[in-house]
>>> print(open('protein_18.csv').read())   # CSV, C-alpha atoms
chain,number,residue,atom,x,y,z
A,245,MET,CA,95.5,118.5,46.6
A,246,ALA,CA,96.4,117.3,50.0
A,247,ARG,CA,93.9,115.0,51.8
A,248,GLN,CA,92.0,116.6,54.7
A,249,HIS,CA,90.7,114.6,57.6
A,250,GLN,CA,88.6,116.0,60.5
A,251,LEU,CA,90.0,114.3,63.6
A,252,SER,CA,89.1,114.4,67.2
A,253,ARG,CA,91.1,115.1,70.4
A,254,ILE,CA,91.1,111.3,71.0
A,255,GLU,CA,93.0,110.8,67.8
A,256,TRP,CA,95.4,113.6,68.6
A,257,VAL,CA,96.1,112.1,72.0
A,258,ALA,CA,96.5,108.6,70.5
A,259,ASP,CA,99.0,109.8,68.0
A,260,SER,CA,100.9,111.7,70.7
A,261,CYS,CA,101.4,108.7,73.1
A,262,ARG,CA,104.5,107.5,71.4
A,263,LEU,CA,105.6,105.2,74.3
A,264,LEU,CA,102.2,103.5,74.6
A,265,ASN,CA,102.2,103.1,70.8
A,266,ALA,CA,105.5,101.3,70.9
A,267,ILE,CA,104.3,99.0,73.7
A,268,ALA,CA,101.0,98.3,71.8
A,269,GLU,CA,103.1,97.2,68.8
A,270,GLU,CA,105.0,94.8,71.1
A,271,PHE,CA,101.9,93.6,72.8
A,272,SER,CA,100.2,92.8,69.5
A,273,ARG,CA,103.0,90.2,69.1
A,274,THR,CA,103.4,88.9,72.7
A,275,LYS,CA,99.7,88.9,73.7
A,276,PRO,CA,100.4,89.0,77.5
A,277,PHE,CA,96.6,89.3,78.3
A,278,GLN,CA,95.3,86.7,75.9
A,279,GLY,CA,92.2,85.1,77.4
A,280,LEU,CA,92.0,87.6,80.3
A,281,THR,CA,89.5,90.3,81.2
A,282,ILE,CA,90.8,93.5,82.6
A,283,GLY,CA,88.4,95.7,84.6
A,284,THR,CA,89.2,99.4,84.9
A,285,ALA,CA,87.9,102.2,87.1
A,286,ILE,CA,89.8,105.3,86.0
A,287,HIS,CA,89.1,108.7,84.5
A,288,LEU,CA,87.4,108.1,81.2
A,289,GLU,CA,89.0,110.8,79.1
A,290,PRO,CA,91.0,110.7,75.8
A,291,LYS,CA,94.4,109.7,77.3
A,292,THR,CA,92.7,106.7,79.0
A,293,VAL,CA,91.6,105.5,75.5
A,294,ALA,CA,95.3,105.2,74.5
A,295,LEU,CA,96.0,102.9,77.5
A,296,LEU,CA,92.9,100.8,77.0
A,297,MET,CA,93.7,100.3,73.3
A,298,THR,CA,97.2,99.2,74.3
A,299,LEU,CA,95.8,96.6,76.7
A,300,ARG,CA,93.5,95.4,74.0
A,301,LYS,CA,96.4,95.0,71.6
A,302,GLY,CA,97.8,92.6,74.2
A,303,GLY,CA,94.7,90.4,73.9
A,304,ALA,CA,92.7,91.7,76.8
A,305,ASN,CA,88.9,91.8,77.0
A,306,LEU,CA,88.1,95.1,78.7
A,307,VAL,CA,85.2,96.4,80.9
A,308,ALA,CA,85.6,99.9,82.0
A,309,THR,CA,83.9,102.4,84.3
A,310,GLY,CA,85.0,105.9,85.4
A,311,ASN,CA,85.7,107.9,88.5
A,312,LEU,CA,83.4,110.4,90.1
A,313,ASN,CA,82.6,113.4,87.8
A,314,SER,CA,85.4,112.8,85.3
A,315,THR,CA,83.8,110.5,82.7
A,316,GLN,CA,83.6,112.3,79.4
A,317,PRO,CA,80.7,111.3,77.1
A,318,ALA,CA,82.8,111.6,73.9
A,319,THR,CA,85.3,109.1,75.4
A,320,VAL,CA,82.5,106.7,76.4
A,321,GLU,CA,81.0,106.9,72.9
A,322,TYR,CA,84.4,106.2,71.3
A,323,LEU,CA,85.1,103.2,73.5
A,324,LYS,CA,81.7,101.7,72.8
A,325,ARG,CA,82.1,102.3,69.1
A,326,HIS,CA,85.4,100.3,69.3
A,327,GLY,CA,83.9,97.4,71.1
A,328,ILE,CA,84.9,98.1,74.7
A,329,ALA,CA,82.3,97.6,77.4
A,330,VAL,CA,81.6,100.7,79.4
A,331,ILE,CA,79.5,100.7,82.6
A,332,GLY,CA,77.7,103.9,83.6
A,333,GLU,CA,78.2,107.5,82.7
A,334,GLN,CA,79.3,110.8,84.2
A,335,SER,CA,78.0,111.2,87.8
A,336,THR,CA,78.7,113.1,90.9
A,337,ASP,CA,76.6,110.8,93.0
A,338,ALA,CA,78.8,108.5,95.1
A,339,ARG,CA,76.0,106.0,95.5
A,340,VAL,CA,75.4,105.8,91.8
A,341,HIS,CA,79.2,105.4,91.3
A,342,ARG,CA,79.3,102.5,93.8
A,343,GLY,CA,76.6,100.8,91.7
A,344,PHE,CA,78.9,101.1,88.6
A,345,ILE,CA,81.7,99.5,90.6
A,346,ASP,CA,79.6,96.6,91.8
A,347,THR,CA,78.3,96.0,88.2
A,348,LEU,CA,81.8,95.8,86.9
A,349,LEU,CA,82.9,93.4,89.6
A,350,ASP,CA,79.9,91.2,88.9
A,351,ARG,CA,81.8,90.3,85.7
A,352,GLN,CA,84.7,89.0,87.8
A,353,PRO,CA,87.6,90.4,85.7
A,354,ASP,CA,90.9,88.6,86.0
A,355,LEU,CA,92.9,91.8,86.5
A,356,LEU,CA,91.9,95.2,87.9
A,357,LEU,CA,93.3,98.6,87.1
A,358,ASP,CA,92.2,100.9,89.9
A,359,ASN,CA,92.3,104.6,90.4
A,360,GLY,CA,91.5,105.6,94.0
A,361,ALA,CA,90.9,102.0,95.2
A,362,ASP,CA,87.2,101.9,94.5
A,363,LEU,CA,87.6,98.4,92.9
A,364,PHE,CA,90.0,96.8,95.4
A,365,ALA,CA,88.3,98.2,98.5
A,366,ARG,CA,85.1,96.5,97.3
A,367,VAL,CA,87.1,93.3,96.5
A,368,ALA,CA,88.2,93.3,100.2
A,369,GLU,CA,84.5,93.0,101.1
A,370,ARG,CA,83.4,90.6,98.3
A,371,PRO,CA,86.4,88.6,96.9
A,372,TYR,CA,86.1,86.2,94.0
A,373,LYS,CA,88.4,83.3,93.0
A,374,ASN,CA,89.8,84.1,89.5
A,375,LEU,CA,91.2,87.6,90.4
A,376,LEU,CA,95.0,87.6,89.8
A,377,GLY,CA,95.6,91.2,91.2
A,378,GLY,CA,96.3,94.4,89.4
A,379,THR,CA,97.4,98.0,89.8
A,380,GLU,CA,96.4,101.1,91.8
A,381,GLU,CA,97.2,104.5,90.3
A,382,THR,CA,97.1,107.0,93.2
A,383,THR,CA,98.4,107.9,96.7
A,384,SER,CA,94.8,108.2,97.9
A,385,GLY,CA,94.1,104.7,96.8
A,386,ARG,CA,97.3,103.3,98.4
A,387,ARG,CA,96.2,104.9,101.7
A,388,ARG,CA,92.8,103.2,101.4
A,389,LEU,CA,94.3,99.8,100.6
A,390,ALA,CA,97.2,99.6,103.0
A,391,PRO,CA,95.0,98.4,105.9
A,392,MET,CA,93.3,95.9,103.6
A,393,ARG,CA,96.4,93.9,102.6
A,394,GLU,CA,95.5,90.8,104.5
A,395,ALA,CA,91.9,90.9,103.3
A,396,ILE,CA,93.0,91.2,99.7
A,397,ALA,CA,96.2,89.1,99.7
A,398,LEU,CA,96.8,89.6,96.0
A,399,PRO,CA,99.6,91.5,94.1
A,400,ILE,CA,98.7,95.2,93.6
A,401,LEU,CA,101.4,97.4,92.2
A,402,VAL,CA,101.1,101.1,93.1
A,403,ILE,CA,101.9,103.3,90.2
A,404,ASN,CA,102.0,106.4,92.2
A,405,ASP,CA,104.9,105.0,94.2
A,406,SER,CA,107.1,105.0,91.1
A,407,PRO,CA,109.7,107.9,91.0
A,408,ILE,CA,108.7,108.4,87.4
A,409,LYS,CA,105.1,109.0,88.4
A,410,GLN,CA,106.1,111.3,91.2
A,411,PHE,CA,108.2,113.6,89.2
A,412,ALA,CA,106.8,113.3,85.6
A,413,GLU,CA,103.1,113.4,86.4
A,414,ASN,CA,102.6,114.6,90.0
A,415,ARG,CA,105.2,117.3,90.2
A,416,HIS,CA,105.4,118.5,86.6
A,417,ALA,CA,102.0,117.7,85.1
A,418,VAL,CA,99.6,118.2,88.0
A,419,GLY,CA,101.0,121.6,88.9
A,420,GLN,CA,100.8,122.7,85.3
A,421,SER,CA,97.3,121.3,84.7
A,422,LEU,CA,95.9,122.8,87.9
A,423,PHE,CA,97.3,126.2,87.0
A,424,GLU,CA,95.8,125.9,83.5
A,425,SER,CA,92.5,124.8,85.0
A,426,TYR,CA,92.4,127.8,87.2
A,427,MET,CA,92.9,130.0,84.2
A,428,ARG,CA,90.2,128.1,82.2
A,429,PHE,CA,87.7,128.3,85.0
A,430,THR,CA,88.2,132.0,85.9
A,431,ASN,CA,90.1,133.8,83.1
A,432,ARG,CA,91.5,135.9,85.9
A,433,SER,CA,95.1,137.0,86.3
A,434,THR,CA,97.4,135.3,88.8
A,435,ASN,CA,99.8,138.2,88.9
A,436,GLY,CA,100.2,139.4,92.5
A,437,LYS,CA,97.5,137.1,93.7
A,438,ARG,CA,98.0,135.5,97.1
A,439,VAL,CA,97.8,131.7,96.6
A,440,SER,CA,97.8,129.3,99.5
A,441,VAL,CA,98.7,125.7,98.5
A,442,PHE,CA,97.7,123.0,101.1
A,443,GLY,CA,100.0,120.0,100.8
A,444,TYR,CA,103.7,120.0,99.7
A,445,GLY,CA,104.0,116.5,98.3
A,446,ALA,CA,105.0,116.1,94.6
A,447,CYS,CA,101.6,117.5,93.5
A,448,GLY,CA,101.9,120.4,95.9
A,449,LYS,CA,105.5,121.2,94.8
A,450,GLY,CA,104.4,121.4,91.2
A,451,THR,CA,101.3,123.5,92.0
A,452,ALA,CA,103.2,126.0,94.2
A,453,GLY,CA,106.0,126.3,91.6
A,454,CYS,CA,103.6,126.9,88.7
A,455,PHE,CA,101.7,129.6,90.5
A,456,ARG,CA,104.9,131.2,91.6
A,457,SER,CA,106.2,131.2,88.0
A,458,ALA,CA,102.9,133.0,87.1
A,459,PHE,CA,103.9,135.8,89.4
A,460,SER,CA,101.7,134.9,92.4
A,461,ASN,CA,102.7,135.3,96.0
A,462,VAL,CA,102.6,131.6,97.1
A,463,SER,CA,102.2,130.3,100.6
A,464,VAL,CA,102.5,126.6,101.5
A,465,VAL,CA,100.7,124.8,104.4
A,466,ASP,CA,101.8,121.2,105.4
A,467,VAL,CA,101.2,119.5,108.7
A,468,ASP,CA,104.5,117.7,108.5
A,469,PRO,CA,107.1,120.2,109.9
A,470,VAL,CA,109.9,118.6,107.8
A,471,THR,CA,107.9,119.0,104.6
A,472,ALA,CA,107.0,122.6,105.6
A,473,LEU,CA,110.7,123.3,106.2
A,474,GLU,CA,111.4,122.0,102.7
A,475,ALA,CA,108.9,124.5,101.3
A,476,HIS,CA,110.5,127.3,103.4
A,477,LEU,CA,113.9,126.5,102.0
A,478,ASP,CA,112.4,126.3,98.5
A,479,GLY,CA,111.6,129.9,99.0
A,480,PHE,CA,107.8,129.7,99.8
A,481,SER,CA,106.1,131.5,102.6
A,482,THR,CA,105.0,129.0,105.3
A,483,PRO,CA,102.7,130.9,107.6
A,484,PRO,CA,100.4,129.4,110.2
A,485,ARG,CA,97.3,127.8,108.7
A,486,SER,CA,94.9,130.5,109.8
A,487,ASP,CA,97.1,133.3,108.3
A,488,ALA,CA,97.4,131.3,105.0
A,489,ILE,CA,93.6,131.1,104.8
A,490,ALA,CA,92.9,134.6,105.8
A,491,SER,CA,95.3,136.2,103.3
A,492,ALA,CA,94.5,134.0,100.3
A,493,ASP,CA,92.9,135.1,97.1
A,494,VAL,CA,93.2,131.5,95.9
A,495,ILE,CA,93.2,128.3,98.0
A,496,VAL,CA,94.4,125.1,96.4
A,497,THR,CA,94.2,121.7,98.1
A,498,VAL,CA,96.5,118.8,96.9
A,499,THR,CA,96.9,116.6,100.0
A,500,GLY,CA,95.1,113.3,99.4
A,501,PHE,CA,93.2,113.8,102.7
A,502,ALA,CA,89.6,114.8,103.4
A,503,ASN,CA,88.3,117.9,105.1
A,504,ILE,CA,91.4,120.1,104.6
A,505,ILE,CA,89.1,123.2,104.1
A,506,THR,CA,85.9,123.1,106.1
A,507,ALA,CA,83.0,125.2,107.4
A,508,ALA,CA,85.1,126.1,110.4
A,509,ASP,CA,87.3,128.2,108.1
A,510,LEU,CA,84.3,130.4,106.9
A,511,PRO,CA,85.1,133.3,109.2
A,512,MET,CA,88.6,133.5,107.9
A,513,PHE,CA,87.9,133.5,104.2
A,514,LYS,CA,88.8,136.7,102.3
A,515,ASP,CA,86.1,138.3,100.2
A,516,GLY,CA,86.3,136.8,96.7
A,517,VAL,CA,88.4,133.8,97.6
A,518,MET,CA,88.7,131.0,95.1
A,519,LEU,CA,88.5,127.4,96.4
A,520,ILE,CA,90.1,124.8,94.0
A,521,ASN,CA,90.9,121.1,94.7
A,522,GLY,CA,93.5,119.1,92.9
A,523,GLY,CA,93.2,115.9,95.0
A,524,HIS,CA,91.7,112.7,93.6
A,525,PHE,CA,88.6,112.7,95.9
A,526,PRO,CA,86.1,115.6,96.1
A,527,THR,CA,86.4,115.7,99.9
A,528,GLU,CA,89.4,117.9,100.5
A,529,ILE,CA,87.2,120.9,100.4
A,530,ASP,CA,84.0,120.2,102.3
A,531,VAL,CA,81.7,122.0,99.9
A,532,ASP,CA,78.4,120.8,101.3
A,533,GLY,CA,79.5,121.6,104.9
A,534,ILE,CA,80.6,125.1,103.8
A,535,LYS,CA,77.4,125.8,102.0
A,536,SER,CA,75.3,124.5,104.9
A,537,ALA,CA,77.2,126.6,107.5
A,538,ALA,CA,77.3,129.7,105.4
A,539,GLY,CA,73.6,129.8,104.9
A,540,PRO,CA,74.2,132.1,101.9
A,541,LYS,CA,71.6,134.5,101.0
A,542,ALA,CA,72.2,133.5,97.3
A,543,VAL,CA,74.2,131.1,95.3
A,544,ASP,CA,75.2,132.2,91.8
A,545,THR,CA,76.0,129.4,89.3
A,546,TYR,CA,77.8,130.3,86.1
A,547,ALA,CA,76.4,128.0,83.5
A,548,GLY,CA,79.1,126.1,81.6
A,549,ASP,CA,81.9,127.5,83.7
A,550,GLY,CA,81.7,125.2,86.7
A,551,ILE,CA,81.8,128.1,89.2
A,552,GLU,CA,79.5,128.5,92.2
A,553,THR,CA,79.6,131.8,94.1
A,554,LEU,CA,78.2,131.9,97.6
A,555,LEU,CA,76.9,135.4,98.6
A,556,LEU,CA,77.2,135.7,102.4
A,557,ASP,CA,75.1,138.0,104.6
A,558,ASP,CA,78.2,140.1,105.5
A,559,GLY,CA,78.7,140.9,101.8
A,560,ARG,CA,81.6,138.5,101.2
A,561,LYS,CA,81.7,136.2,98.1
A,562,ILE,CA,83.2,132.7,98.1
A,563,HIS,CA,83.9,131.1,94.7
A,564,ILE,CA,84.0,127.3,94.5
A,565,LEU,CA,85.5,125.8,91.3
A,566,GLY,CA,84.2,122.5,90.0
A,567,ARG,CA,82.2,121.8,93.1
A,568,GLY,CA,85.4,120.7,94.8
A,569,HIS,CA,86.1,117.9,92.3
A,570,MET,CA,89.5,117.4,90.9
A,571,ALA,CA,89.8,120.6,89.0
A,572,ASN,CA,91.9,119.5,86.0
A,573,LEU,CA,89.2,117.1,85.0
A,574,ALA,CA,86.2,119.3,85.9
A,575,GLY,CA,84.8,122.5,84.5
A,576,PRO,CA,85.3,124.0,81.1
A,577,ARG,CA,87.4,121.9,78.7
A,578,PRO,CA,88.7,119.4,81.2
A,579,LEU,CA,92.0,118.4,79.6
A,580,GLY,CA,93.7,116.7,82.6
A,581,ASN,CA,97.5,116.3,82.8
A,582,SER,CA,99.8,116.6,79.8
A,583,ILE,CA,99.9,113.8,77.2
A,584,GLU,CA,103.6,113.1,77.8
A,585,SER,CA,103.2,112.7,81.5
A,586,MET,CA,100.3,110.3,81.1
A,587,ASP,CA,102.1,108.4,78.3
A,588,LEU,CA,104.8,107.6,80.9
A,589,GLY,CA,102.3,106.9,83.7
A,590,PHE,CA,100.2,104.6,81.5
A,591,ALA,CA,103.3,102.9,80.2
A,592,LEU,CA,103.9,102.0,83.8
A,593,GLN,CA,100.3,100.7,84.1
A,594,ALA,CA,100.7,98.5,81.0
A,595,ARG,CA,104.0,97.0,82.1
A,596,CYS,CA,102.8,96.4,85.7
A,597,LEU,CA,99.6,94.7,84.5
A,598,GLU,CA,101.8,92.6,82.2
A,599,ARG,CA,103.9,91.6,85.3
A,600,VAL,CA,100.9,90.6,87.3
A,601,ALA,CA,99.4,88.7,84.4
A,602,GLY,CA,102.6,86.7,84.2
A,603,GLY,CA,101.6,85.0,87.5
A,604,LYS,CA,105.1,85.3,89.2
A,605,LEU,CA,104.0,87.7,92.0
A,606,ASP,CA,102.2,86.6,95.1
A,607,HIS,CA,100.4,88.2,98.2
A,608,THR,CA,103.7,89.6,99.4
A,609,SER,CA,103.4,92.1,96.5
A,610,CYS,CA,100.1,93.5,97.8
A,611,VAL,CA,100.2,97.3,97.7
A,612,VAL,CA,103.8,97.7,96.9
A,613,PRO,CA,105.7,100.1,94.6
A,614,VAL,CA,106.4,99.5,90.9
A,615,PRO,CA,109.4,97.1,90.6
A,616,ALA,CA,112.6,99.0,89.8
A,617,ASP,CA,113.3,97.1,86.6
A,618,ILE,CA,109.9,98.3,85.2
A,619,ASP,CA,110.8,101.9,86.1
A,620,ALA,CA,114.1,101.5,84.2
A,621,GLN,CA,112.4,99.8,81.3
A,622,VAL,CA,109.8,102.6,80.9
A,623,ALA,CA,112.4,105.4,81.4
A,624,SER,CA,114.7,103.9,78.8
A,625,GLY,CA,111.9,103.4,76.3
A,626,TYR,CA,110.8,107.0,76.7
A,627,LEU,CA,114.3,108.4,76.4
A,628,ASP,CA,115.0,106.3,73.3
A,629,LEU,CA,111.9,107.9,71.6
A,630,ASN,CA,112.5,111.4,72.7
A,631,ARG,CA,116.2,112.1,72.8
>>> encode(input="protein_18.csv", output="C-alpha cells")
Amino acid sequence: MARQHQLSRIEWVADSCRLLNAIAEEFSRTKPFQGLTIGTAIHLEPKTVALLMTLRKGGANLVATGNLNSTQPATVEYLKRHGIAVIGEQSTDARVHRGFIDTLLDRQPDLLLDNGADLFARVAERPYKNLLGGTEETTSGRRRLAPMREAIALPILVINDSPIKQFAENRHAVGQSLFESYMRFTNRSTNGKRVSVFGYGACGKGTAGCFRSAFSNVSVVDVDPVTALEAHLDGFSTPPRSDAIASADVIVTVTGFANIITAADLPMFKDGVMLINGGHFPTEIDVDGIKSAAGPKAVDTYAGDGIETLLLDDGRKIHILGRGHMANLAGPRPLGNSIESMDLGFALQARCLERVAGGKLDHTSCVVPVPADIDAQVASGYLDLNR
C-alpha cells in the first residue's frame, strides 16, 4: 500500500520552488551568510518560507517580521517551529507595525531584506555600525528610499528594478493574482463588467490584460500621457479620470502612490462599485476618508469575506475589498502571486543578498537595480530547470 502523508500548503510551495531549492543546495556548501544575521520585513506567507529556508541553508541567522495585514499565522507557527525568530503577528495598525520594525532593528542584523522600505527608512533615522546593506523588493520602497541615499550610504539592491521581476512577477503574476482575488472575494462574474485600472506600469499592464481576457470592458487611467498612449495603442479605453470612475463597476489601483481614489470621488461612484487595491501600501484607496465623507447610514461587513459595503443616503452601495490592503494577500484564502513568479523573484533576493554579503559593493550601490550578471544567472538557472 502506498504511503500517505497529510502535507500543508507550505510544503507544497517549498516543493514547487525548484530554483530556490537548487540555490539552497548550493548555499549549503558555500555558506555565503555564515556568522551573519539577516533581518527581514516581508509578507509572511508560504512562499516567503522557501526564501528564508534558502538563506538559512547559507548559514544565516534569521529574524523576521511581516508587512501590514499580510502576516499569515500558519506561516509564523511554521517558522517558529523551525527555529526562526519571528517578531509580531498580523496587524493592520501602522503604529503596532512600526513597533515590530524597531524591535527587529534593535537586534542589529548584518543584512536587511526589505519590502516597502520599512526597515531602511528607519535605518536612515537610527543607523548602526555593523549593517552591511541589503535588498528592497518593491517600487514603492525604492521611491521612499531614493531621497535617503546619503543618509543610508550602504549598498541596497532593488529587486523590482530587475527586468525579470518586472515581467515575471509584476506583469504576469500580479495581474493574474489580482483577478483571482477579485473572484475569491466576490464570486461575481467579470463578463461585460466595466473595469477601470489606475496605473499602467508592469502591474497595471498585467491587471488590465487579465480582466480583458475575462471579457471585461477595461479602461486605463495613468497620469503620464506617454504611458496612457501606450495603453491606448494596446487597445484599452483611456477616458478622462472622471469618466473612468463614473462608468466603473470595478476600480483597481496599482500605482504605488497614495490617495489615488479619495472622498472627492464619492459623487462619481456608480451604485455597486467595487474598490480593490493591488499596490503595496493600503493608501492608494483612502478608505477612512471615503467612509468619513460618506457618512453612510449603514456599513455591512461580510464575515470571513473581507468585504465592507457602505450604504449611502441616496441608496447607492460602495463595496470595499480587503479594507484597501493589497488584495492578493488579503481576504479569503490570500494566496498572493504564483509560486513560479516568486521562485524567480526570491532567487533574485538570495543572489543579491549573497552579493552584498560578499563585501565588494559600497555606498555607490545604494538603491540601484539588480546587477545584470545576477539577472542572467537567475534567468539561466530557471531555464535550465524548466525547458
>>> closest_residue(input="protein_18.csv", among="A:Leu312, A:Leu555, A:Leu597, A:Val320", to="His524 of chain A", atoms="all atoms listed in the file")
A:Leu312
>>> closest_atom_pairs(input="protein_18.csv", of="segment 535-616 of chain A", to="segment 338-355 of chain A", cutoff="12 Å", atoms="only C-alpha atoms", output="JSON lines")
{"residue": "A:Gln593", "atom": "CA", "partner": "A:Leu355", "partner_atom": "CA", "distance": 11.8}
{"residue": "A:Ala594", "atom": "CA", "partner": "A:Leu355", "partner_atom": "CA", "distance": 11.7}
{"residue": "A:Cys596", "atom": "CA", "partner": "A:Leu355", "partner_atom": "CA", "distance": 10.9}
{"residue": "A:Leu597", "atom": "CA", "partner": "A:Leu355", "partner_atom": "CA", "distance": 7.6}
{"residue": "A:Glu598", "atom": "CA", "partner": "A:Leu355", "partner_atom": "CA", "distance": 9.9}
{"residue": "A:Arg599", "atom": "CA", "partner": "A:Leu355", "partner_atom": "CA", "distance": 11.1}
{"residue": "A:Val600", "atom": "CA", "partner": "A:Leu355", "partner_atom": "CA", "distance": 8.1}
{"residue": "A:Ala601", "atom": "CA", "partner": "A:Leu355", "partner_atom": "CA", "distance": 7.5}
{"residue": "A:Gly602", "atom": "CA", "partner": "A:Leu355", "partner_atom": "CA", "distance": 11.2}
{"residue": "A:Gly603", "atom": "CA", "partner": "A:Leu355", "partner_atom": "CA", "distance": 11.1}
>>> atom_distance(input="protein_18.csv", atom1="atom CA of Thr499 of chain A", atom2="atom CA of Gly448 of chain A")
7.5 Å
>>> closest_residue(input="protein_18.csv", among="A:Lys324, A:Lys275, A:His569, A:His287", to="Ala304 of chain A", atoms="all atoms listed in the file")
A:Lys275
>>> closest_atom_pairs(input="protein_18.csv", of="segment 532-600 of chain A", to="segment 258-262 of chain A", cutoff="9 Å", atoms="all atoms listed in the file", output="Markdown table")
| residue | atom | partner | partner_atom | distance |
| --- | --- | --- | --- | --- |
| A:Ile583 | CA | A:Cys261 | CA | 6.7 |
| A:Glu584 | CA | A:Cys261 | CA | 6.8 |
| A:Met586 | CA | A:Cys261 | CA | 8.2 |
| A:Asp587 | CA | A:Cys261 | CA | 5.3 |
| A:Leu588 | CA | A:Cys261 | CA | 8.6 |
>>> closest_residue(input="protein_18.csv", among="A:Ile529, A:Leu510, A:Ala417, A:Val611", to="Gly589 of chain A", atoms="only C-alpha atoms")
A:Ala417
>>> residues_around(input="protein_18.csv", residues="Asn311 of chain A", least_positions_apart="4", cutoff="8 Å", atoms="all atoms listed in the file", output="short mmCIF file (atom, residue, chain, number, x, y, z; two decimals) with C-alpha atoms, in the coordinates of the input")
data_model
loop_
_atom_site.label_atom_id
_atom_site.label_comp_id
_atom_site.auth_asym_id
_atom_site.auth_seq_id
_atom_site.Cartn_x
_atom_site.Cartn_y
_atom_site.Cartn_z
CA ALA A 285 87.90 102.20 87.10
CA ILE A 286 89.80 105.30 86.00
CA HIS A 287 89.10 108.70 84.50
CA LEU A 288 87.40 108.10 81.20
CA THR A 315 83.80 110.50 82.70
CA HIS A 341 79.20 105.40 91.30
CA ASN A 359 92.30 104.60 90.40
#
>>> closest_residue(input="protein_18.csv", among="A:Pro407, A:Gly559, A:Pro483, A:Pro540", to="Gly516 of chain A", atoms="only C-alpha atoms")
A:Gly559
>>> residues_around(input="protein_18.csv", residues="Gly377 of chain A", least_positions_apart="3", cutoff="6 Å", atoms="only C-alpha atoms", output="MDAnalysis selection string")
chainID A and resid 355 398:400
>>> atom_distance(input="protein_18.csv", atom1="atom CA of Leu556 of chain A", atom2="atom CA of Met512 of chain A")
12.8 Å
>>> closest_atom_pairs(input="protein_18.csv", of="segment 450-560 of chain A", to="segment 424-433 of chain A", cutoff="9 Å", atoms="all atoms listed in the file", output="JSON lines")
{"residue": "A:Ala458", "atom": "CA", "partner": "A:Ser433", "partner_atom": "CA", "distance": 8.8}
{"residue": "A:Ile520", "atom": "CA", "partner": "A:Tyr426", "partner_atom": "CA", "distance": 7.8}
{"residue": "A:Asp549", "atom": "CA", "partner": "A:Phe429", "partner_atom": "CA", "distance": 6.0}
{"residue": "A:Gly550", "atom": "CA", "partner": "A:Phe429", "partner_atom": "CA", "distance": 7.0}
{"residue": "A:Ile551", "atom": "CA", "partner": "A:Phe429", "partner_atom": "CA", "distance": 7.2}
>>> write_last_selection(input="protein_18.csv", atoms="C-alpha atoms", output="CSV table (one decimal), in the frame of the given file")
chain,number,residue,atom,x,y,z
A,458,ALA,CA,102.9,133.0,87.1
A,520,ILE,CA,90.1,124.8,94.0
A,549,ASP,CA,81.9,127.5,83.7
A,550,GLY,CA,81.7,125.2,86.7
A,551,ILE,CA,81.8,128.1,89.2
>>> atom_distance(input="protein_18.csv", atom1="atom CA of Ala571 of chain A", atom2="atom CA of Phe590 of chain A")
20.5 Å
>>> residues_near_point(input="protein_18.csv", point="(73.8, 127.2, 100.4)", cutoff="12 Å", atoms="only C-alpha atoms", output="short mmCIF file (atom, residue, chain, number, x, y, z; two decimals) with C-alpha atoms, in the frame of the given file")
data_model
loop_
_atom_site.label_atom_id
_atom_site.label_comp_id
_atom_site.auth_asym_id
_atom_site.auth_seq_id
_atom_site.Cartn_x
_atom_site.Cartn_y
_atom_site.Cartn_z
CA ALA A 507 83.00 125.20 107.40
CA VAL A 531 81.70 122.00 99.90
CA ASP A 532 78.40 120.80 101.30
CA GLY A 533 79.50 121.60 104.90
CA ILE A 534 80.60 125.10 103.80
CA LYS A 535 77.40 125.80 102.00
CA SER A 536 75.30 124.50 104.90
CA ALA A 537 77.20 126.60 107.50
CA ALA A 538 77.30 129.70 105.40
CA GLY A 539 73.60 129.80 104.90
CA PRO A 540 74.20 132.10 101.90
CA LYS A 541 71.60 134.50 101.00
CA ALA A 542 72.20 133.50 97.30
CA VAL A 543 74.20 131.10 95.30
CA ASP A 544 75.20 132.20 91.80
CA THR A 545 76.00 129.40 89.30
CA GLU A 552 79.50 128.50 92.20
CA THR A 553 79.60 131.80 94.10
CA LEU A 554 78.20 131.90 97.60
CA LEU A 555 76.90 135.40 98.60
CA LEU A 556 77.20 135.70 102.40
CA ASP A 557 75.10 138.00 104.60
CA ILE A 562 83.20 132.70 98.10
CA ILE A 564 84.00 127.30 94.50
#
>>> closest_residue(input="protein_18.csv", among="A:Ser486, A:Ser624, A:Thr527, A:Ser252", to="Asn503 of chain A", atoms="only C-alpha atoms")
A:Thr527
